[in-house]
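Trainee: Sharing a structure, written as C-alpha cells. Questions coming.
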Amino acid sequence: MGEAYKLDCDTCTYTGNIFVGFGFAYMSLESIASFVQDAALKRRIEEFIGNPSTRYDAYNALYVCPACQAMRNELFIEMKSDSSQYSLYMEQKHIENNAPHHLSCPTCEKGKLKATFYMDWD
C-alpha cells in the first residue's frame, strides 16, 4: 500500500502532493505497462513480460536532482531475468510524516518542505 503526503513550504505558500509506495497497479508488469507513458520504458517492460525468470520491483518514489534539487514523483522500476536486467535509478528521498526535509521549495527555492501524511492509497 502506498502513502500520500502533502508538502508545504515553510517560507512561501507552495503546496504539493506526492504519492510514494506500492499500489494494486504494480501487481504485474502488464499492469505497469498499461499506464507507463514513456515509449522506451514501455518497450523494455514488454521485453520482460512473459519471461518466466523475470523478477521485478516497482513503486512510486520521490526523486530529487542532486544538481538542481528539482523534485519528481515517479515510478521506480527494476527488472531482472536470467538473460537481462533493467534499472531506473535516480536519487530517492525518504519522506517522514511531519518532519522537516532538506528539500528546496520549487517555487521560492529558499524554503524547506514539510511533509504531512494524509491518506493511504492502493
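Residues in the C-alpha cells are numbered from 1 in each chain, the chains being A, B, ... in the order shown, and ligands are numbered from 1 in the order shown.
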Find the spatial neighbours of A:Ala70, counting only C-alpha atoms, within a cut-off of 9 Å - ignore same-chain residues fewer than 5 positions away - and output them as a list in words.
Mentor: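 What passes the distance filter is Tyr63, Val64, Cys65, Leu103, Ser104, Cys105 and Pro106 of chain A.
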Trainee: Give me, as a PyMOL selection string, the residues of stretch 10-118 of chain A that a backbone DSSP run labels strand (DSSP E).
Mentor: chain A and resi 15-21+55-64+71-80+85-87+100-104+112-118
Trainee: Need to verify the contact set: A:Met79, 10 Å, only C-alpha atoms, exclusion of same-chain residues closer than 3 positions in sequence. Can you return it as JSON, numbers by chain?
Mentor: {"A": [29, 44, 45, 48, 54, 55, 56, 57, 58, 84, 85, 86, 87, 88]}
Trainee: Could you pull out the helix (DSSP H, G or I) residues of chain A from DSSP and send them as a list in words?
Mentor: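 Put together, the selection reads Phe24, Ala25, Tyr26, Leu29, Glu30, Ser31, Ile32, Ala33, Ser34, Phe35, Ala39, Ala40, Leu41, Lys42, Arg43, Arg44, Ile45, Glu46, Glu47 and Phe48 of chain A.
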Trainee: Point out the residue among A:Pro66, A:Gly111, A:Met27, A:Ser81 with the least atom-to-atom distance to A:Ser53, counting only C-alpha atoms.
Mentor: A:Ser81
Trainee: Show which residues sit within 10 Å of stretch 13-20 of chain A, as a PyMOL selection string. Count only C-alpha atoms, and ignore same-chain residues fewer than 5 positions away.
Mentor: chain A and resi 1-8+59-62+71-76+94-95+105-108+111+113-121
Trainee: Report, in Å with one decimal, the straight-line distance from atom CA of A:Phe24 to atom CA of A:Asp122.
Mentor: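 If I compute the distance from atom CA of A:Phe24 to atom CA of A:Asp122, I get 5.4 Å.
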Trainee: Go ahead and compute the interatomic distance for atom CA of A:Lys42 and atom CA of A:Gln69, in Å to one decimal.
Mentor: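 These two atoms are separated by 27.0 Å.
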Trainee: Measure the distance from atom CA of A:Glu109 to atom CA of A:Cys9 in Å and round it to one decimal.
Mentor: 9.5 Å
Trainee: Check the smallest atom-to-atom distance from each of A:Thr11, A:Ser34, A:Gly23, A:Glu47 to A:Ser83 using only C-alpha atoms, then report the winner.
Mentor: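 Counting only C-alpha atoms, the residue closest to A:Ser83 is A:Glu47.
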